[in-house]
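Heads up, structure.txt below (compact mmCIF, C-alpha atoms):
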# COMPACT_ATOMS: atom_id res chain seq x y z
CA GLY A 1 12.32 -5.65 -7.48
CA ALA A 2 13.43 -5.40 -3.89
CA VAL A 3 12.21 -8.08 -1.50
CA VAL A 4 10.60 -7.28 1.82
CA SER A 5 9.61 -10.02 4.23
CA GLN A 6 7.34 -10.00 7.25
CA HIS A 7 6.99 -12.38 10.14
CA PRO A 8 4.67 -13.80 11.21
CA SER A 9 2.27 -13.96 8.28
CA TRP A 10 -0.63 -14.38 10.66
CA VAL A 11 -1.11 -14.35 14.39
CA ILE A 12 -3.99 -14.92 16.77
CA CYS A 13 -3.71 -13.59 20.28
CA LYS A 14 -5.80 -12.99 23.34
CA SER A 15 -7.02 -9.54 24.27
CA GLY A 16 -4.52 -7.71 26.46
CA THR A 17 -1.42 -9.41 25.14
CA SER A 18 1.31 -7.85 23.01
CA VAL A 19 2.30 -8.93 19.53
CA LYS A 20 5.53 -8.17 17.68
CA ILE A 21 5.69 -8.07 13.90
CA GLU A 22 9.02 -8.05 12.07
CA CYS A 23 9.74 -6.44 8.73
CA ARG A 24 12.99 -7.18 6.92
CA SER A 25 14.53 -5.94 3.72
CA LEU A 26 16.23 -9.02 2.29
CA ASP A 27 18.45 -7.77 -0.50
CA PHE A 28 18.89 -4.10 0.24
CA GLN A 29 19.30 -1.67 3.09
CA ALA A 30 16.32 0.45 3.99
CA THR A 31 16.84 3.61 5.97
CA THR A 32 13.11 4.26 5.87
CA MET A 33 10.31 1.76 6.34
CA PHE A 34 6.59 2.39 6.55
CA TRP A 35 3.90 0.61 8.54
CA TYR A 36 0.37 0.45 7.18
CA ARG A 37 -2.88 -1.00 8.45
CA GLN A 38 -5.71 -2.19 6.24
CA PHE A 39 -9.20 -3.07 7.44
CA PRO A 40 -11.46 -5.21 5.23
CA LYS A 41 -12.70 -3.46 2.11
CA GLN A 42 -10.71 -0.35 2.99
CA SER A 43 -7.54 1.20 1.72
CA LEU A 44 -4.10 1.16 3.27
CA MET A 45 -3.68 3.69 6.02
CA LEU A 46 -0.20 4.83 6.95
CA MET A 47 0.42 4.37 10.66
CA ALA A 48 4.01 5.52 10.98
CA THR A 49 7.29 6.11 9.23
CA SER A 50 10.22 4.24 10.71
CA ASN A 51 13.70 5.69 10.34
CA GLU A 52 16.81 3.68 11.18
CA GLY A 53 18.46 4.89 14.33
CA SER A 54 15.81 7.43 15.26
CA LYS A 55 12.29 7.65 16.59
CA ALA A 56 9.39 6.78 14.35
CA THR A 57 7.07 9.45 13.04
CA TYR A 58 3.45 8.60 13.73
CA GLU A 59 0.45 9.72 11.72
CA GLN A 60 -2.24 11.72 13.40
CA GLY A 61 -4.54 9.54 15.47
CA VAL A 62 -2.08 6.65 15.86
CA GLU A 63 -1.10 6.01 19.47
CA LYS A 64 2.67 5.78 19.68
CA ASP A 65 2.55 4.11 23.09
CA LYS A 66 0.29 1.39 21.76
CA PHE A 67 2.09 0.78 18.48
CA LEU A 68 5.77 0.62 19.32
CA ILE A 69 8.14 0.82 16.39
CA ASN A 70 11.83 0.01 16.49
CA HIS A 71 14.18 0.34 13.53
CA ALA A 72 17.46 -0.78 15.02
CA SER A 73 19.21 -1.80 11.82
CA LEU A 74 19.12 -1.02 8.13
CA THR A 75 17.34 -4.27 7.39
CA LEU A 76 14.90 -4.69 10.27
CA SER A 77 11.97 -2.75 11.64
CA THR A 78 9.55 -4.10 14.22
CA LEU A 79 6.03 -3.12 15.16
CA THR A 80 4.75 -4.16 18.56
CA VAL A 81 1.03 -3.91 19.22
CA THR A 82 0.78 -3.56 22.98
CA SER A 83 -2.26 -4.59 25.00
CA ALA A 84 -4.03 -5.67 21.84
CA HIS A 85 -7.82 -5.49 21.66
CA PRO A 86 -10.27 -6.93 19.13
CA GLU A 87 -10.49 -3.57 17.35
CA ASP A 88 -6.76 -3.89 16.56
CA SER A 89 -7.52 -6.93 14.41
CA SER A 90 -6.36 -5.95 10.96
CA PHE A 91 -3.90 -6.59 8.15
CA TYR A 92 -0.58 -4.93 8.96
CA ILE A 93 1.77 -4.29 6.06
CA CYS A 94 5.24 -2.84 6.05
CA SER A 95 7.04 -1.36 3.11
CA ALA A 96 10.49 -0.09 2.35
CA ARG A 97 11.49 2.70 0.06
CA VAL A 98 14.12 2.17 -2.61
CA MET A 99 14.89 5.36 -4.48
CA THR A 100 11.41 6.57 -5.50
CA GLU A 101 9.58 3.24 -5.30
CA GLN A 102 8.01 1.50 -2.35
CA PHE A 103 8.01 -2.27 -2.04
CA PHE A 104 5.60 -4.00 0.28
CA GLY A 105 6.01 -6.95 2.56
CA PRO A 106 3.47 -9.79 2.35
CA GLY A 107 1.55 -8.51 5.35
CA THR A 108 0.64 -9.89 8.76
CA ARG A 109 -2.95 -10.68 9.60
CA LEU A 110 -3.60 -10.05 13.29
CA THR A 111 -6.68 -11.43 14.98
CA VAL A 112 -7.29 -10.48 18.59
CA LEU A 113 -9.80 -12.62 20.42
CA GLN B 1 -12.61 15.44 0.62
CA LYS B 2 -10.48 12.35 0.42
CA GLU B 3 -6.93 12.81 -0.81
CA VAL B 4 -7.22 10.08 -3.42
CA GLU B 5 -10.54 8.93 -4.84
CA GLN B 6 -11.37 5.91 -6.91
CA ASN B 7 -14.58 4.23 -7.96
CA SER B 8 -14.89 1.18 -5.75
CA GLY B 9 -16.45 -0.92 -8.47
CA PRO B 10 -16.79 -3.73 -8.96
CA LEU B 11 -15.77 -3.35 -12.56
CA SER B 12 -16.65 -6.43 -14.56
CA VAL B 13 -15.14 -6.90 -18.01
CA PRO B 14 -15.09 -9.87 -20.38
CA GLU B 15 -11.82 -11.61 -21.09
CA GLY B 16 -9.90 -9.85 -23.83
CA ALA B 17 -11.58 -6.47 -23.27
CA ILE B 18 -10.07 -3.25 -21.97
CA ALA B 19 -10.50 -2.38 -18.30
CA SER B 20 -10.38 1.34 -17.56
CA LEU B 21 -9.68 2.56 -14.04
CA ASN B 22 -9.84 6.15 -12.87
CA CYS B 23 -8.35 8.07 -9.98
CA THR B 24 -8.48 11.71 -8.88
CA TYR B 25 -6.37 13.40 -6.25
CA SER B 26 -6.67 16.58 -4.24
CA ASP B 27 -3.08 17.73 -3.72
CA ARG B 28 -2.16 19.72 -6.78
CA GLY B 29 1.51 19.60 -5.76
CA SER B 30 1.73 15.82 -6.03
CA GLN B 31 4.50 14.67 -8.31
CA SER B 32 4.50 10.87 -8.34
CA PHE B 33 1.66 8.52 -9.10
CA PHE B 34 1.50 4.78 -8.71
CA TRP B 35 -0.81 1.90 -9.52
CA TYR B 36 -0.71 -1.18 -7.31
CA ARG B 37 -2.53 -4.48 -7.73
CA GLN B 38 -3.75 -6.27 -4.62
CA TYR B 39 -5.10 -9.80 -4.67
CA SER B 40 -7.45 -10.78 -1.89
CA GLY B 41 -5.56 -11.42 1.33
CA LYS B 42 -2.26 -10.31 -0.15
CA SER B 43 -0.23 -7.12 0.02
CA PRO B 44 -0.04 -4.64 -2.87
CA GLU B 45 2.38 -5.12 -5.72
CA LEU B 46 3.55 -2.26 -7.90
CA ILE B 47 2.31 -2.30 -11.48
CA MET B 48 3.36 1.08 -12.78
CA PHE B 49 4.42 4.54 -11.81
CA ILE B 50 4.15 7.76 -13.77
CA TYR B 51 5.58 11.20 -13.15
CA SER B 52 4.93 13.18 -16.33
CA ASN B 53 1.76 14.21 -18.08
CA GLY B 54 0.72 11.90 -20.87
CA ASP B 55 0.75 8.17 -21.36
CA LYS B 56 3.14 5.50 -20.19
CA GLU B 57 2.88 1.98 -21.51
CA ASP B 58 4.21 -1.24 -20.01
CA GLY B 59 3.04 -4.40 -21.67
CA ARG B 60 -0.73 -4.61 -21.41
CA PHE B 61 -0.88 -1.69 -18.98
CA THR B 62 -1.06 1.99 -19.85
CA ALA B 63 -1.05 4.73 -17.24
CA GLN B 64 -2.32 8.18 -18.14
CA LEU B 65 -1.65 11.34 -16.15
CA ASN B 66 -3.26 14.76 -16.42
CA LYS B 67 -1.93 17.01 -13.69
CA ALA B 68 -4.09 19.96 -14.72
CA SER B 69 -7.20 17.87 -14.12
CA GLN B 70 -5.61 16.05 -11.16
CA TYR B 71 -6.49 12.78 -12.80
CA VAL B 72 -4.64 9.54 -13.36
CA SER B 73 -5.95 6.42 -15.03
CA LEU B 74 -4.92 2.86 -15.77
CA LEU B 75 -5.91 0.87 -18.83
CA ILE B 76 -5.57 -2.89 -18.91
CA ARG B 77 -5.67 -4.24 -22.45
CA ASP B 78 -6.54 -7.83 -23.35
CA SER B 79 -7.81 -8.42 -19.81
CA GLN B 80 -7.16 -11.88 -18.41
CA PRO B 81 -8.87 -13.70 -15.53
CA SER B 82 -5.58 -13.37 -13.63
CA ASP B 83 -6.07 -9.59 -13.72
CA SER B 84 -9.03 -9.97 -11.36
CA ALA B 85 -7.92 -8.04 -8.29
CA THR B 86 -8.28 -4.72 -6.51
CA TYR B 87 -6.27 -1.91 -8.08
CA LEU B 88 -5.00 0.82 -5.80
CA CYS B 89 -4.09 4.28 -6.96
CA ALA B 90 -1.41 5.94 -4.84
CA VAL B 91 -0.17 9.51 -4.88
CA LYS B 92 3.08 10.64 -3.33
CA GLY B 93 3.06 13.91 -1.46
CA ASP B 94 5.90 15.37 0.57
CA TYR B 95 6.92 12.17 2.26
CA LYS B 96 4.19 9.60 2.13
CA LEU B 97 2.02 7.66 -0.25
CA SER B 98 -1.69 8.26 0.00
CA PHE B 99 -3.86 5.44 -1.27
CA GLY B 100 -7.29 5.37 -2.77
CA ALA B 101 -9.78 2.80 -1.56
CA GLY B 102 -9.21 0.72 -4.67
CA THR B 103 -11.28 -0.49 -7.60
CA THR B 104 -12.17 -4.17 -7.71
CA VAL B 105 -11.88 -5.64 -11.19
CA THR B 106 -13.41 -8.95 -12.21
CA VAL B 107 -12.50 -10.40 -15.59
CA ARG B 108 -15.11 -12.85 -16.86
CA ALA B 109 -13.80 -15.85 -18.77
Let me see the structure of the file written as structure tokens.
Amino acid sequence: GAVVSQHPSWVICKSGTSVKIECRSLDFQATTMFWYRQFPKQSLMLMATSNEGSKATYEQGVEKDKFLINHASLTLSTLTVTSAHPEDSSFYICSARVMTEQFFGPGTRLTVL
Amino acid sequence: QKEVEQNSGPLSVPEGAIASLNCTYSDRGSQSFFWYRQYSGKSPELIMFIYSNGDKEDGRFTAQLNKASQYVSLLIRDSQPSDSATYLCAVKGDYKLSFGAGTTVTVRA
């Protein structure tokens, strides 16, 4: 299957700082990438859909000014959590669509102190 | 009503037995259905997808879909300890995948 990478795999930051997470499609071009968040013992919740060369589409309740998404190339999408707070601590996972299937990156565990 | 519902489990089965996982969904217009496996601390990996009513088999896994009942299931035959994980049912609507909360399966050696 298609390979999606994420960097970093984990990050610890202080409250109020910003954190950037990268999502790359390694062996294919992805015009559409998705960003999910997963809290412990809960399911994946879609945050936004990232389209190359255009603005991301955010799900209801997700603050677009807090979670900045950039999809500048066909192989890279970034999610920046601005002014992070402890409640933003979560497992962030990106995925890319290939035809009708979605392949997930390994995830980034964010801990905000 | 949640879009995709699963029993959270845990579902405990002995090694070699069949594990049966169930999922119901609310959007009758859904066309694509997926089962993902997620190990603790890892991201989901696709096991199977199914589009048509009936059964679809892939190795030890069989997915079953009944659109009239809005029901999809996954059977794991000859369960192995390595199958111990959380299994996520996902349903594709217009543009996005909606996930169930997952069923945790433990296979006892």
Check your understanding: From the list B:Gly9, B:Arg28, B:Ser43, B:Pro14, which residue is nearest Thr108 (chain A) when using all atoms listed in the file?
Key ->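 Smallest separation from Thr108 (chain A) among the options: B:Ser43.
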Considering all atoms listed in the file, give me a table of residues in chain A that are at most 12 Å from chain B, with the closest atom pair and distance in Å for each, as CSV.
residue,atom,partner,partner_atom,distance
A:Gly1,CA,B:Leu46,CA,9.4
A:Ala2,CA,B:Leu46,CA,11.1
A:Val3,CA,B:Glu45,CA,11.1
A:Val4,CA,B:Ser43,CA,11.0
A:Ser5,CA,B:Ser43,CA,11.1
A:Gln6,CA,B:Ser43,CA,10.9
A:Ser9,CA,B:Lys42,CA,10.2
A:Trp10,CA,B:Gly41,CA,11.0
A:Thr32,CA,B:Tyr95,CA,10.7
A:Met33,CA,B:Lys96,CA,10.8
A:Phe34,CA,B:Lys96,CA,8.8
A:Trp35,CA,B:Lys96,CA,11.0
A:Tyr36,CA,B:Ser43,CA,10.4
A:Arg37,CA,B:Ser43,CA,10.7
A:Gln38,CA,B:Ser43,CA,9.6
A:Phe39,CA,B:Ala101,CA,10.8
A:Pro40,CA,B:Gly41,CA,9.4
A:Lys41,CA,B:Ala101,CA,7.8
A:Gln42,CA,B:Ala101,CA,5.6
A:Ser43,CA,B:Ala101,CA,4.3
A:Leu44,CA,B:Phe99,CA,6.2
A:Met45,CA,B:Phe99,CA,7.5
A:Leu46,CA,B:Ser98,CA,7.9
A:Met47,CA,B:Lys96,CA,10.7
A:Ala48,CA,B:Lys96,CA,9.7
A:Thr49,CA,B:Lys96,CA,8.5
A:Ser50,CA,B:Lys96,CA,11.8
A:Thr57,CA,B:Tyr95,CA,11.1
A:Tyr58,CA,B:Lys96,CA,11.7
A:Glu59,CA,B:Lys96,CA,10.3
A:Ser90,CA,B:Gly41,CA,11.1
A:Phe91,CA,B:Gly41,CA,8.5
A:Tyr92,CA,B:Ser43,CA,9.2
A:Ile93,CA,B:Ser43,CA,7.0
A:Cys94,CA,B:Ser43,CA,9.2
A:Ser95,CA,B:Ser43,CA,9.8
A:Ala96,CA,B:Lys96,CA,11.6
A:Arg97,CA,B:Lys96,CA,10.3
A:Thr100,CA,B:Ser32,CA,8.6
A:Glu101,CA,B:Phe49,CA,8.4
A:Gln102,CA,B:Leu46,CA,8.1
A:Phe103,CA,B:Glu45,CA,7.3
A:Phe104,CA,B:Pro44,CA,6.5
A:Gly105,CA,B:Ser43,CA,6.7
A:Pro106,CA,B:Ser43,CA,5.1
A:Gly107,CA,B:Ser43,CA,5.8
A:Thr108,CA,B:Ser43,CA,9.2
A:Arg109,CA,B:Gly41,CA,8.7
Check your understanding: Separation of CA of Glu22 (chain A) and CA of Ala84 (chain A), in Å?
Key -> 16.5 Å
Practice item. Fewer than 2 positions away in the same chain doesn't count, so skip those; otherwise give me all residues within 9 Å of region 58-69 of chain B, counting all atoms listed in the file, as a VMD selection string. Key: chain B and resid 24 28 30 to 31 33 to 35 47 to 56 71 to 79
Exercise for review: Determine, counting only C-alpha atoms, which protein, DNA and RNA residues have an atom within 6 Å of an atom of region 63-67 of chain A; residues of the same chain fewer than 6 positions away are not included. Present the result as an NGL selection string.
Suggested key: :A and (80-82)
Specify the axis-aligned box that encloses all atoms of region 74-92 of chain A listed in the file after padding of 5 Å on each side, stating its centre and edge lengths in Å to one decimal as JSON.
{"center_x": 4.3, "center_y": -4.0, "center_z": 16.2, "size_x": 39.6, "size_y": 15.9, "size_z": 27.6}
Practice item. Would you work out the distance separating CA of Glu87 (chain A) from CA of Cys23 (chain A), expressed in Å to one decimal? Key: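 Between these atoms lies a distance of 22.2 Å.
Across B:Gly93, B:Tyr87, B:Arg108, B:Gln70, the tightest approach to Arg37 (chain B) is made by B:Tyr87 when counting only C-alpha atoms.
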Review point. Taking into account all atoms listed in the file, which residue in the set A:Ser83, A:Ser77, A:Ser89, A:Asn51 is nearest to Ile21 (chain A)?
Key: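 Going through A:Ser83, A:Ser77, A:Ser89, A:Asn51 one by one, the smallest distance to Ile21 (chain A) is for A:Ser77.
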Check your understanding: Given the choices A:Thr31, A:Thr75, A:Ser18, A:Thr111, which gets closest to Glu52 (chain A) if the distance is worked out from all atoms listed in the file?
Key ->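 Counting all atoms listed in the file, the residue closest to Glu52 (chain A) is A:Thr31.
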Study note, to complete from the structure: Separating CA of Asp88 (chain A) from CA of Tyr25 (chain B), to the nearest tenth of an Å, is a gap of 28.6 Å
